[in-house]
$ cat input38.cif   # mmCIF, C-alpha atoms and all ligand atoms
data_model
loop_
_atom_site.label_atom_id
_atom_site.label_comp_id
_atom_site.auth_asym_id
_atom_site.auth_seq_id
_atom_site.Cartn_x
_atom_site.Cartn_y
_atom_site.Cartn_z
CA MET A 1 -19.54 -49.14 -25.22
CA ILE A 2 -21.76 -47.24 -22.83
CA LEU A 3 -23.62 -44.68 -24.90
CA LYS A 4 -24.67 -42.35 -22.07
CA ASN A 5 -22.66 -39.10 -22.38
CA CYS A 6 -20.94 -40.31 -25.57
CA VAL A 7 -20.56 -37.96 -28.53
CA GLY A 8 -21.64 -39.27 -31.93
CA LEU A 9 -21.25 -37.79 -35.40
CA ILE A 10 -23.63 -39.03 -38.09
CA THR A 11 -23.38 -38.05 -41.75
CA GLY A 12 -26.50 -37.62 -43.90
CA ALA A 13 -28.68 -37.39 -40.80
CA SER A 14 -31.19 -34.68 -41.75
CA GLN A 15 -33.72 -37.44 -42.51
CA GLY A 16 -34.16 -41.16 -43.08
CA LEU A 17 -31.85 -43.72 -41.48
CA GLY A 18 -29.32 -41.14 -40.25
CA LYS A 19 -32.05 -39.30 -38.37
CA ALA A 20 -33.21 -42.59 -36.77
CA PHE A 21 -29.61 -43.41 -35.74
CA ALA A 22 -29.19 -39.93 -34.20
CA GLU A 23 -32.44 -40.30 -32.28
CA SER A 24 -31.40 -43.73 -30.96
CA LEU A 25 -28.21 -42.15 -29.54
CA LEU A 26 -30.17 -39.29 -27.94
CA LYS A 27 -32.53 -41.83 -26.32
CA LYS A 28 -29.46 -43.49 -24.77
CA GLY A 29 -28.29 -40.17 -23.26
CA ALA A 30 -25.61 -39.31 -25.83
CA GLN A 31 -24.96 -36.01 -27.61
CA VAL A 32 -25.02 -35.93 -31.39
CA VAL A 33 -23.73 -33.93 -34.29
CA ILE A 34 -25.81 -34.42 -37.41
CA CYS A 35 -24.32 -33.22 -40.66
CA ASP A 36 -25.96 -33.16 -44.06
CA ILE A 37 -25.92 -31.36 -47.41
CA ASN A 38 -29.64 -30.61 -46.86
CA GLN A 39 -29.49 -27.61 -44.53
CA ALA A 40 -33.23 -26.83 -44.37
CA GLN A 41 -34.20 -30.37 -43.34
CA GLY A 42 -31.20 -30.59 -40.98
CA GLU A 43 -32.32 -27.51 -39.08
CA ILE A 44 -35.88 -28.86 -38.82
CA THR A 45 -34.54 -32.14 -37.42
CA ARG A 46 -32.28 -30.37 -34.91
CA ALA A 47 -35.20 -28.24 -33.71
CA GLU A 48 -37.37 -31.39 -33.36
CA PHE A 49 -34.62 -33.10 -31.31
CA ASP A 50 -34.15 -29.96 -29.14
CA LEU A 51 -37.85 -30.13 -28.24
CA ARG A 52 -37.82 -33.88 -27.57
CA TYR A 53 -34.45 -34.35 -25.86
CA GLY A 54 -33.58 -30.89 -24.56
CA PRO A 55 -31.63 -28.03 -26.13
CA GLY A 56 -27.87 -28.31 -26.54
CA ARG A 57 -27.72 -32.06 -27.05
CA THR A 58 -27.87 -31.95 -30.86
CA ALA A 59 -25.80 -29.84 -33.24
CA PHE A 60 -26.43 -29.55 -36.97
CA ILE A 61 -23.64 -28.70 -39.39
CA THR A 62 -24.19 -28.22 -43.11
CA CYS A 63 -21.68 -30.37 -44.98
CA ASP A 64 -21.19 -31.96 -48.37
CA VAL A 65 -19.22 -35.06 -47.38
CA THR A 66 -17.43 -35.06 -50.74
CA SER A 67 -15.66 -31.81 -49.73
CA LEU A 68 -12.61 -32.67 -47.63
CA PRO A 69 -12.35 -29.14 -46.12
CA GLN A 70 -16.03 -29.27 -45.08
CA LEU A 71 -15.59 -32.75 -43.64
CA LYS A 72 -12.50 -31.69 -41.65
CA ASP A 73 -14.42 -28.71 -40.34
CA VAL A 74 -17.24 -30.99 -39.09
CA PHE A 75 -14.76 -33.02 -37.03
CA SER A 76 -13.16 -29.85 -35.59
CA GLN A 77 -16.54 -28.33 -34.75
CA THR A 78 -17.71 -31.58 -33.12
CA VAL A 79 -14.74 -31.64 -30.76
CA GLN A 80 -15.01 -27.87 -30.13
CA THR A 81 -18.72 -28.14 -29.28
CA PHE A 82 -18.84 -31.35 -27.24
CA GLY A 83 -15.18 -31.85 -26.24
CA ARG A 84 -14.77 -35.36 -27.68
CA LEU A 85 -15.77 -37.83 -30.40
CA ASP A 86 -16.68 -41.45 -29.58
CA VAL A 87 -18.83 -42.60 -32.50
CA LEU A 88 -18.78 -41.93 -36.23
CA CYS A 89 -21.57 -43.27 -38.43
CA ASN A 90 -20.86 -42.95 -42.15
CA ASN A 91 -24.44 -42.95 -43.37
CA ALA A 92 -24.73 -40.33 -46.17
CA GLY A 93 -25.58 -42.06 -49.44
CA ILE A 94 -27.17 -41.57 -52.84
CA ASN A 95 -28.43 -43.77 -55.67
CA ASN A 96 -27.61 -42.16 -59.02
CA GLU A 97 -26.45 -44.22 -61.98
CA ASN A 98 -26.34 -41.13 -64.26
CA SER A 99 -23.93 -39.27 -61.98
CA TRP A 100 -22.17 -42.50 -61.14
CA GLU A 101 -18.87 -40.85 -60.23
CA ARG A 102 -20.76 -38.79 -57.63
CA THR A 103 -22.34 -42.00 -56.28
CA ILE A 104 -18.86 -43.45 -55.72
CA SER A 105 -17.66 -40.12 -54.22
CA VAL A 106 -20.50 -39.91 -51.68
CA ASN A 107 -21.00 -43.60 -50.87
CA LEU A 108 -17.39 -44.76 -50.81
CA VAL A 109 -14.69 -42.06 -51.14
CA ALA A 110 -16.21 -39.75 -48.50
CA LEU A 111 -16.81 -42.71 -46.18
CA ILE A 112 -13.10 -43.57 -46.43
CA GLN A 113 -12.06 -39.93 -45.81
CA ALA A 114 -14.34 -39.61 -42.78
CA SER A 115 -13.12 -42.93 -41.36
CA TYR A 116 -9.50 -41.73 -41.56
CA LEU A 117 -10.41 -38.39 -39.94
CA ALA A 118 -12.19 -40.26 -37.15
CA LEU A 119 -9.17 -42.51 -36.61
CA ASP A 120 -6.99 -39.37 -36.26
CA HIS A 121 -9.18 -38.38 -33.29
CA MET A 122 -9.79 -41.83 -31.80
CA ARG A 123 -6.68 -44.03 -32.16
CA ARG A 124 -5.48 -45.12 -28.71
CA ASP A 125 -2.02 -45.94 -30.05
CA ARG A 126 -1.73 -42.25 -31.04
CA GLY A 127 -3.02 -40.80 -27.76
CA GLY A 128 -6.77 -40.91 -28.52
CA LYS A 129 -9.49 -42.44 -26.33
CA GLY A 130 -10.71 -45.12 -28.74
CA GLY A 131 -14.16 -45.25 -30.27
CA SER A 132 -16.47 -46.92 -32.75
CA ILE A 133 -17.13 -46.43 -36.47
CA ILE A 134 -20.23 -47.77 -38.20
CA ASN A 135 -20.31 -47.79 -41.98
CA VAL A 136 -23.71 -48.05 -43.59
CA ALA A 137 -23.50 -50.51 -46.48
CA SER A 138 -26.58 -52.42 -47.64
CA MET A 139 -27.78 -55.87 -48.70
CA SER A 140 -26.65 -54.42 -52.05
CA GLY A 141 -23.17 -55.20 -50.75
CA PHE A 142 -23.95 -58.87 -51.43
CA VAL A 143 -26.31 -59.20 -54.38
CA PRO A 144 -26.24 -57.96 -58.00
CA ALA A 145 -28.81 -55.44 -59.26
CA ALA A 146 -29.34 -54.71 -62.96
CA HIS A 147 -30.85 -51.31 -62.18
CA ALA A 148 -28.03 -50.12 -59.91
CA PRO A 149 -24.55 -51.41 -60.87
CA VAL A 150 -22.58 -48.49 -59.43
CA TYR A 151 -24.65 -48.18 -56.23
CA THR A 152 -24.09 -51.93 -55.81
CA ALA A 153 -20.35 -51.57 -56.43
CA SER A 154 -20.12 -48.76 -53.88
CA LYS A 155 -21.74 -50.94 -51.20
CA HIS A 156 -19.51 -53.93 -52.01
CA GLY A 157 -16.60 -51.47 -51.61
CA VAL A 158 -17.85 -50.31 -48.20
CA LEU A 159 -17.77 -53.91 -46.95
CA GLY A 160 -14.24 -54.59 -48.19
CA PHE A 161 -12.95 -51.32 -46.73
CA THR A 162 -14.70 -51.79 -43.39
CA ARG A 163 -13.54 -55.37 -42.83
CA SER A 164 -9.95 -54.54 -43.85
CA LEU A 165 -9.73 -51.41 -41.70
CA ALA A 166 -11.17 -53.37 -38.77
CA GLU A 167 -8.39 -55.91 -39.17
CA ALA A 168 -5.79 -53.08 -39.24
CA SER A 169 -7.36 -51.63 -36.11
CA SER A 170 -7.11 -54.95 -34.34
CA LEU A 171 -3.51 -55.71 -35.44
CA GLY A 172 -2.39 -52.11 -34.78
CA ASN A 173 -4.15 -51.80 -31.39
CA TYR A 174 -6.06 -48.71 -32.53
CA GLY A 175 -8.73 -49.27 -29.87
CA VAL A 176 -11.39 -48.46 -32.46
CA ARG A 177 -14.13 -50.92 -33.46
CA ILE A 178 -15.19 -50.67 -37.10
CA ASN A 179 -18.34 -52.47 -38.25
CA ALA A 180 -20.75 -52.50 -41.19
CA LEU A 181 -24.54 -52.32 -41.23
CA CYS A 182 -26.38 -53.90 -44.18
CA PRO A 183 -30.12 -53.27 -44.24
CA SER A 184 -32.43 -54.57 -46.93
CA PHE A 185 -34.97 -52.07 -48.33
CA VAL A 186 -35.99 -49.41 -45.78
CA ASN A 187 -38.87 -46.96 -45.96
CA THR A 188 -36.91 -43.73 -46.71
CA GLU A 189 -36.65 -41.25 -49.56
CA ILE A 190 -33.84 -43.08 -51.35
CA LEU A 191 -36.38 -45.69 -52.49
CA GLU A 192 -38.09 -42.95 -54.56
CA THR A 193 -35.03 -42.91 -56.84
CA VAL A 194 -36.25 -46.08 -58.53
CA ASN A 195 -39.09 -44.09 -60.10
CA HIS A 196 -36.81 -41.59 -61.83
CA GLU A 197 -34.88 -41.91 -65.07
CA GLU A 198 -32.58 -39.13 -63.85
CA ASN A 199 -31.43 -41.54 -61.12
CA LEU A 200 -31.45 -44.91 -62.89
CA GLY A 201 -30.09 -43.59 -66.22
CA ILE A 202 -29.75 -46.28 -68.87
CA PHE A 203 -30.97 -48.88 -66.36
CA TYR A 204 -34.39 -47.21 -66.01
CA GLN A 205 -35.80 -49.98 -68.24
CA PHE A 206 -35.23 -52.38 -65.30
CA LYS A 207 -37.21 -50.31 -62.77
CA ASP A 208 -40.00 -52.90 -62.50
CA ASN A 209 -37.41 -55.47 -61.50
CA VAL A 210 -36.51 -53.48 -58.36
CA LYS A 211 -40.16 -52.82 -57.53
CA ASN A 212 -40.79 -56.58 -57.73
CA LEU A 213 -37.86 -57.16 -55.37
CA MET A 214 -39.34 -54.71 -52.85
CA GLN A 215 -42.69 -56.47 -53.05
CA ALA A 216 -41.08 -59.88 -52.63
CA PHE A 217 -38.71 -58.99 -49.78
CA GLY A 218 -40.74 -56.28 -48.02
CA VAL A 219 -39.59 -52.94 -46.65
CA LEU A 220 -38.16 -52.32 -43.17
CA GLU A 221 -38.80 -49.23 -41.01
CA PRO A 222 -35.85 -46.99 -39.96
CA SER A 223 -36.46 -47.91 -36.29
CA ASP A 224 -35.78 -51.62 -37.13
CA VAL A 225 -32.36 -50.62 -38.46
CA ALA A 226 -31.66 -48.25 -35.54
CA ASN A 227 -31.97 -51.27 -33.19
CA GLY A 228 -29.15 -52.97 -35.09
CA PHE A 229 -27.10 -49.75 -35.04
CA VAL A 230 -27.32 -49.60 -31.22
CA GLN A 231 -26.43 -53.31 -30.92
CA LEU A 232 -23.26 -52.78 -33.01
CA LEU A 233 -22.24 -49.87 -30.77
CA GLU A 234 -23.01 -51.49 -27.42
CA ASP A 235 -21.37 -54.88 -28.05
CA ASP A 236 -17.65 -54.36 -27.37
CA ASN A 237 -16.84 -57.78 -28.87
CA LEU A 238 -17.75 -56.70 -32.39
CA ASN A 239 -15.03 -55.52 -34.77
CA GLY A 240 -15.13 -56.18 -38.52
CA ALA A 241 -18.67 -57.49 -38.11
CA VAL A 242 -21.14 -57.31 -40.99
CA MET A 243 -24.67 -57.05 -39.64
CA LYS A 244 -27.51 -57.79 -42.07
CA ILE A 245 -31.11 -56.75 -41.39
CA THR A 246 -33.91 -58.20 -43.49
CA THR A 247 -37.66 -58.64 -43.06
CA SER A 248 -37.38 -62.44 -43.26
CA LYS A 249 -34.46 -62.97 -40.83
CA GLY A 250 -34.32 -59.76 -38.78
CA ILE A 251 -30.87 -58.90 -37.38
CA HIS A 252 -28.23 -61.49 -38.26
CA PHE A 253 -24.54 -61.58 -39.17
CA GLU A 254 -22.60 -62.57 -42.28
CA ASN A 255 -20.01 -65.11 -41.19
CA TYR A 256 -16.96 -65.28 -43.43
N1 LIG A 301 -33.43 -46.95 -47.57
C1 LIG A 301 -32.91 -48.10 -47.96
O1 LIG A 301 -33.58 -48.95 -48.56
C2 LIG A 301 -31.48 -48.40 -47.63
C3 LIG A 301 -31.09 -49.75 -47.51
C4 LIG A 301 -29.76 -50.05 -47.25
C5 LIG A 301 -28.86 -49.03 -47.08
N2 LIG A 301 -29.26 -47.74 -47.21
C6 LIG A 301 -28.24 -46.71 -47.03
O2 LIG A 301 -28.61 -45.92 -45.91
C7 LIG A 301 -27.99 -44.64 -46.00
C8 LIG A 301 -29.02 -43.57 -45.68
O3 LIG A 301 -29.98 -43.53 -46.71
P1 LIG A 301 -31.55 -43.32 -46.44
O4 LIG A 301 -32.20 -44.58 -46.78
O5 LIG A 301 -31.78 -42.74 -45.11
O6 LIG A 301 -31.90 -42.29 -47.59
P2 LIG A 301 -32.23 -40.73 -47.55
O7 LIG A 301 -32.15 -40.29 -48.96
O8 LIG A 301 -33.47 -40.49 -46.79
O9 LIG A 301 -31.02 -40.10 -46.70
C9 LIG A 301 -29.76 -39.85 -47.24
C10 LIG A 301 -29.23 -38.59 -46.59
O10 LIG A 301 -27.89 -38.36 -47.08
C11 LIG A 301 -27.78 -36.98 -47.38
N3 LIG A 301 -26.72 -36.75 -48.35
C12 LIG A 301 -26.71 -37.09 -49.66
N4 LIG A 301 -25.59 -36.66 -50.23
C13 LIG A 301 -24.86 -36.05 -49.28
C14 LIG A 301 -23.61 -35.39 -49.26
N5 LIG A 301 -22.86 -35.27 -50.38
N6 LIG A 301 -23.15 -34.87 -48.10
C15 LIG A 301 -23.91 -34.97 -46.97
N7 LIG A 301 -25.10 -35.56 -46.93
C16 LIG A 301 -25.58 -36.11 -48.07
C17 LIG A 301 -29.15 -36.59 -47.90
O11 LIG A 301 -29.36 -35.19 -47.89
C18 LIG A 301 -30.05 -37.36 -46.96
O12 LIG A 301 -30.36 -36.61 -45.80
C19 LIG A 301 -27.40 -44.57 -47.39
O13 LIG A 301 -26.01 -44.85 -47.33
C20 LIG A 301 -28.11 -45.70 -48.13
O14 LIG A 301 -27.34 -46.20 -49.21
C21 LIG A 301 -30.54 -47.40 -47.46
C1 LIG A 302 -31.05 -52.87 -55.23
C2 LIG A 302 -30.60 -51.43 -55.20
C3 LIG A 302 -31.47 -50.56 -56.04
C4 LIG A 302 -31.46 -49.17 -55.65
C5 LIG A 302 -32.76 -48.82 -55.00
C6 LIG A 302 -32.61 -47.61 -54.20
C7 LIG A 302 -32.17 -47.63 -53.00
C8 LIG A 302 -32.12 -48.83 -52.21
C9 LIG A 302 -31.11 -49.08 -51.50
C10 LIG A 302 -30.91 -50.26 -50.63
O1 LIG A 302 -29.56 -50.20 -50.22
C11 LIG A 302 -31.20 -51.60 -51.30
C12 LIG A 302 -31.25 -52.67 -50.30
C13 LIG A 302 -31.38 -53.98 -50.57
C14 LIG A 302 -31.46 -54.57 -51.91
C15 LIG A 302 -30.74 -55.88 -52.00
C16 LIG A 302 -31.25 -57.09 -51.77
C17 LIG A 302 -32.67 -57.45 -51.75
C18 LIG A 302 -33.21 -57.87 -50.42
C19 LIG A 302 -32.70 -59.13 -49.80
C20 LIG A 302 -33.49 -59.53 -48.56
O2 LIG A 302 -34.25 -58.74 -48.01
O3 LIG A 302 -33.33 -60.67 -48.13
#
$ encode --input "input38.cif" --output "structure tokens" --more "lines below"
Ligand SMILES: NC(=O)c1ccc[n+]([C@@H]2O[C@H](COP(=O)([O-])OP(=O)(O)OC[C@H]3O[C@@H](n4cnc5c(N)ncnc54)[C@H](O)[C@@H]3O)[C@@H](O)[C@H]2O)c1
Ligand SMILES: CCCCC/C=C\C=C\[C@H](O)C/C=C\C/C=C\CCCC(=O)O
Amino acid sequence: MILKNCVGLITGASQGLGKAFAESLLKKGAQVVICDINQAQGEITRAEFDLRYGPGRTAFITCDVTSLPQLKDVFSQTVQTFGRLDVLCNNAGINNENSWERTISVNLVALIQASYLALDHMRRDRGGKGGSIINVASMSGFVPAAHAPVYTASKHGVLGFTRSLAEASSLGNYGVRINALCPSFVNTEILETVNHEENLGIFYQFKDNVKNLMQAFGVLEPSDVANGFVQLLEDDNLNGAVMKITTSKGIHFENY
């Protein structure tokens, strides 16, 4: 996929990884819609991008991805504003074992809803122009974690959904590539959750375990992960791919 003049929609992009993904698209000459539940930070990020990349290339829409009406509105506004939709990145995510149903709603249910809405716009076999969906999973999609059972389950779910939908896309000639991105620990605000009982709930007693993991495996920067994001978008051969990014091995793929 050639990213110049593409239109990308990224959820949870007010800060952190989503912001880095949006910036990587802008650097390639694309236009982006960033949506997030955090309106104040989203508007700051849009203003920053307007200064750096020129006004009119970034739109911010306030959206709680767990609200289907709000999510539908984001897709409509994207097409109204920029005339098309080529890329969806399902990035919004939380780590909360107390509100574990909300963790599943944000990390998995909303990602499924948004993927289906994107397919409605993109499917070539239904008159669309094709496109690319990237679902942000995690290395937590592969390994167990005593301090985060539901977060871990949500990321395992993202991988199963992504690989299966990619197979449907291929068999059904949807013309949409659907891939998963699995970073190890990255230097963003979500890592702060491991210091809070309100996030880890009854698993707070295992907080030192996760801190030891971070020390042992190291922490990536968002720009490292954005490089993988661009690679998944630009390589037209990839569908159903599961890209892992770790400090020890860099960008590599899980082969099933
Ligand atoms: N940082 C890491 O170590 C790491 C590693 C692997 C995967 N991930 C995944 O990367 C994604 C991005 O996380 P991050 O590391 O940038 O953390 P972050 O907390 O900085 O960013 C998450 C963003 O999602 C937004 N968000 C949360 N709930 C939302 C909702 N209901 N609707 C819309 N937006 C919502 C937040 O406001 C925030 O801007 C998540 O899916 C996370 O699970 C993170
Ligand atoms: C382990 C999850 C605990 C929750 C901590 C908060 C947010 C972190 C989210 C990341 O998605 C976790 C990423 C990776 C953890 C899994 C494997 C360890 C690293 C393996 C490696 O680098 O080789």
$ residues_near_ligand --input "input38.cif" --ligand "ligand LIG 302 (chain A)" --cutoff "7 Å" --atoms "all atoms listed in the file" --output "MDAnalysis selection string"
chainID A and resid 95 138:140 143 145 147:148 151:152 183:185 190:191 193:194 210 213 217:218 246:248
$ write_last_selection --input "input38.cif" --atoms "C-alpha atoms" --output "PDB file, keeping the file's coordinate frame"
ATOM      1  CA  ASN A  95     -28.430 -43.770 -55.670  1.00  0.00           C
ATOM      2  CA  SER A 138     -26.580 -52.420 -47.640  1.00  0.00           C
ATOM      3  CA  MET A 139     -27.780 -55.870 -48.700  1.00  0.00           C
ATOM      4  CA  SER A 140     -26.650 -54.420 -52.050  1.00  0.00           C
ATOM      5  CA  VAL A 143     -26.310 -59.200 -54.380  1.00  0.00           C
ATOM      6  CA  ALA A 145     -28.810 -55.440 -59.260  1.00  0.00           C
ATOM      7  CA  HIS A 147     -30.850 -51.310 -62.180  1.00  0.00           C
ATOM      8  CA  ALA A 148     -28.030 -50.120 -59.910  1.00  0.00           C
ATOM      9  CA  TYR A 151     -24.650 -48.180 -56.230  1.00  0.00           C
ATOM     10  CA  THR A 152     -24.090 -51.930 -55.810  1.00  0.00           C
ATOM     11  CA  PRO A 183     -30.120 -53.270 -44.240  1.00  0.00           C
ATOM     12  CA  SER A 184     -32.430 -54.570 -46.930  1.00  0.00           C
ATOM     13  CA  PHE A 185     -34.970 -52.070 -48.330  1.00  0.00           C
ATOM     14  CA  ILE A 190     -33.840 -43.080 -51.350  1.00  0.00           C
ATOM     15  CA  LEU A 191     -36.380 -45.690 -52.490  1.00  0.00           C
ATOM     16  CA  THR A 193     -35.030 -42.910 -56.840  1.00  0.00           C
ATOM     17  CA  VAL A 194     -36.250 -46.080 -58.530  1.00  0.00           C
ATOM     18  CA  VAL A 210     -36.510 -53.480 -58.360  1.00  0.00           C
ATOM     19  CA  LEU A 213     -37.860 -57.160 -55.370  1.00  0.00           C
ATOM     20  CA  PHE A 217     -38.710 -58.990 -49.780  1.00  0.00           C
ATOM     21  CA  GLY A 218     -40.740 -56.280 -48.020  1.00  0.00           C
ATOM     22  CA  THR A 246     -33.910 -58.200 -43.490  1.00  0.00           C
ATOM     23  CA  THR A 247     -37.660 -58.640 -43.060  1.00  0.00           C
ATOM     24  CA  SER A 248     -37.380 -62.440 -43.260  1.00  0.00           C
TER      25      SER A 248
END
$ atom_distance --input "input38.cif" --atom1 "CA of Lys211 (chain A)" --atom2 "CA of Glu197 (chain A)"
14.3 Å
$ closest_residue --input "input38.cif" --among "A:Leu232, A:Leu25, A:Met122, A:Val32" --to "Gly56 (chain A)" --atoms "only C-alpha atoms"
A:Val32
$ residues_near_point --input "input38.cif" --point "(-25.1, -37.4, -30.5)" --cutoff "9 Å" --atoms "only C-alpha atoms" --output "PyMOL selection string"
chain A and resi 5-10+22-26+29-34+57-59+87
$ residues_around --input "input38.cif" --residues "region 234-239 of chain A" --least-positions-apart "5" --cutoff "9 Å" --atoms "all atoms listed in the file" --output "PyMOL selection string"
chain A and resi 1-3+132+163+166-167+169-170+176-179+229
$ closest_residue --input "input38.cif" --among "A:Lys244, A:Lys4, A:Arg52, A:His252" --to "ligand LIG 301 (chain A)" --atoms "all atoms listed in the file"
A:Lys244
$ closest_residue --input "input38.cif" --among "A:Lys27, A:Arg46, A:Arg84, A:Arg102" --to "ligand LIG 301 (chain A)" --atoms "all atoms listed in the file"
A:Arg102
$ atom_distance --input "input38.cif" --atom1 "CA of Asn255 (chain A)" --atom2 "CA of Ala153 (chain A)"
20.4 Å
$ residues_near_point --input "input38.cif" --point "(-32.8, -33.6, -42.2)" --cutoff "9 Å" --atoms "only C-alpha atoms" --output "ChimeraX atom specification"
/A:12-16,18-19,34-46
$ residues_around --input "input38.cif" --residues "region 67-75 of chain A" --least-positions-apart "5" --cutoff "10 Å" --atoms "all atoms listed in the file" --output "list in words"
Leu9, Thr11, Val33, Ile34, Cys35, Phe60, Ile61, Thr62, Gln80, Thr81, Arg84, Leu85, Leu88, Ser105, Val106, Ala110, Gln113, Ala114, Leu117, Ala118 and His121 of chain A
$ axis_aligned_box --input "input38.cif" --around "region 38-50 of chain A" --padding-each-side "3 Å" --output "AutoDock Vina command-line options"
--center_x -33.4 --center_y -30.0 --center_z -38.0 --size_x 13.9 --size_y 12.3 --size_z 23.7
$ residues_around --input "input38.cif" --residues "Asn135 (chain A)" --least-positions-apart "5" --cutoff "6 Å" --atoms "all atoms listed in the file" --output "number ranges by chain"
A: 89-90, 180
$ build_atoms --input "input38.cif" --residues "region 228-247 of chain A" --atoms "N, CA and C atoms" --output "PDB file, in the coordinates of the input"
ATOM      1  N   GLY A 228     -30.408 -52.314 -34.722  1.00  0.00           N
ATOM      2  CA  GLY A 228     -29.150 -52.970 -35.090  1.00  0.00           C
ATOM      3  C   GLY A 228     -27.965 -52.045 -34.890  1.00  0.00           C
ATOM      4  N   PHE A 229     -28.150 -50.776 -35.222  1.00  0.00           N
ATOM      5  CA  PHE A 229     -27.100 -49.750 -35.040  1.00  0.00           C
ATOM      6  C   PHE A 229     -26.662 -49.702 -33.567  1.00  0.00           C
ATOM      7  N   VAL A 230     -27.633 -49.671 -32.660  1.00  0.00           N
ATOM      8  CA  VAL A 230     -27.320 -49.600 -31.220  1.00  0.00           C
ATOM      9  C   VAL A 230     -26.602 -50.887 -30.779  1.00  0.00           C
ATOM     10  N   GLN A 231     -27.069 -52.025 -31.286  1.00  0.00           N
ATOM     11  CA  GLN A 231     -26.430 -53.310 -30.920  1.00  0.00           C
ATOM     12  C   GLN A 231     -24.950 -53.310 -31.347  1.00  0.00           C
ATOM     13  N   LEU A 232     -24.654 -52.822 -32.540  1.00  0.00           N
ATOM     14  CA  LEU A 232     -23.260 -52.780 -33.010  1.00  0.00           C
ATOM     15  C   LEU A 232     -22.401 -51.871 -32.123  1.00  0.00           C
ATOM     16  N   LEU A 233     -23.000 -50.791 -31.621  1.00  0.00           N
ATOM     17  CA  LEU A 233     -22.240 -49.870 -30.770  1.00  0.00           C
ATOM     18  C   LEU A 233     -22.033 -50.439 -29.372  1.00  0.00           C
ATOM     19  N   GLU A 234     -23.069 -51.072 -28.832  1.00  0.00           N
ATOM     20  CA  GLU A 234     -23.010 -51.490 -27.420  1.00  0.00           C
ATOM     21  C   GLU A 234     -22.197 -52.766 -27.197  1.00  0.00           C
ATOM     22  N   ASP A 235     -22.074 -53.600 -28.232  1.00  0.00           N
ATOM     23  CA  ASP A 235     -21.370 -54.880 -28.050  1.00  0.00           C
ATOM     24  C   ASP A 235     -19.872 -54.697 -28.329  1.00  0.00           C
ATOM     25  N   ASP A 236     -19.089 -54.629 -27.244  1.00  0.00           N
ATOM     26  CA  ASP A 236     -17.650 -54.360 -27.370  1.00  0.00           C
ATOM     27  C   ASP A 236     -16.874 -55.503 -28.030  1.00  0.00           C
ATOM     28  N   ASN A 237     -17.535 -56.659 -28.229  1.00  0.00           N
ATOM     29  CA  ASN A 237     -16.840 -57.780 -28.870  1.00  0.00           C
ATOM     30  C   ASN A 237     -16.819 -57.663 -30.396  1.00  0.00           C
ATOM     31  N   LEU A 238     -17.611 -56.748 -30.926  1.00  0.00           N
ATOM     32  CA  LEU A 238     -17.750 -56.700 -32.390  1.00  0.00           C
ATOM     33  C   LEU A 238     -16.731 -55.763 -33.030  1.00  0.00           C
ATOM     34  N   ASN A 239     -15.918 -56.315 -33.906  1.00  0.00           N
ATOM     35  CA  ASN A 239     -15.030 -55.520 -34.770  1.00  0.00           C
ATOM     36  C   ASN A 239     -14.919 -56.253 -36.091  1.00  0.00           C
ATOM     37  N   GLY A 240     -15.137 -55.537 -37.202  1.00  0.00           N
ATOM     38  CA  GLY A 240     -15.130 -56.180 -38.520  1.00  0.00           C
ATOM     39  C   GLY A 240     -16.396 -56.985 -38.763  1.00  0.00           C
ATOM     40  N   ALA A 241     -17.407 -56.751 -37.947  1.00  0.00           N
ATOM     41  CA  ALA A 241     -18.670 -57.490 -38.110  1.00  0.00           C
ATOM     42  C   ALA A 241     -19.487 -56.889 -39.256  1.00  0.00           C
ATOM     43  N   VAL A 242     -20.260 -57.751 -39.896  1.00  0.00           N
ATOM     44  CA  VAL A 242     -21.140 -57.310 -40.990  1.00  0.00           C
ATOM     45  C   VAL A 242     -22.556 -57.735 -40.591  1.00  0.00           C
ATOM     46  N   MET A 243     -23.316 -56.765 -40.112  1.00  0.00           N
ATOM     47  CA  MET A 243     -24.670 -57.050 -39.640  1.00  0.00           C
ATOM     48  C   MET A 243     -25.654 -56.848 -40.789  1.00  0.00           C
ATOM     49  N   LYS A 244     -26.456 -57.893 -41.054  1.00  0.00           N
ATOM     50  CA  LYS A 244     -27.510 -57.790 -42.070  1.00  0.00           C
ATOM     51  C   LYS A 244     -28.852 -57.618 -41.352  1.00  0.00           C
ATOM     52  N   ILE A 245     -29.745 -56.854 -41.954  1.00  0.00           N
ATOM     53  CA  ILE A 245     -31.110 -56.750 -41.390  1.00  0.00           C
ATOM     54  C   ILE A 245     -32.101 -56.922 -42.541  1.00  0.00           C
ATOM     55  N   THR A 246     -32.911 -57.947 -42.444  1.00  0.00           N
ATOM     56  CA  THR A 246     -33.910 -58.200 -43.490  1.00  0.00           C
ATOM     57  C   THR A 246     -35.270 -58.473 -42.835  1.00  0.00           C
ATOM     58  N   THR A 247     -36.322 -58.380 -43.630  1.00  0.00           N
ATOM     59  CA  THR A 247     -37.660 -58.640 -43.060  1.00  0.00           C
ATOM     60  C   THR A 247     -37.807 -60.124 -42.720  1.00  0.00           C
TER      61      THR A 247
END
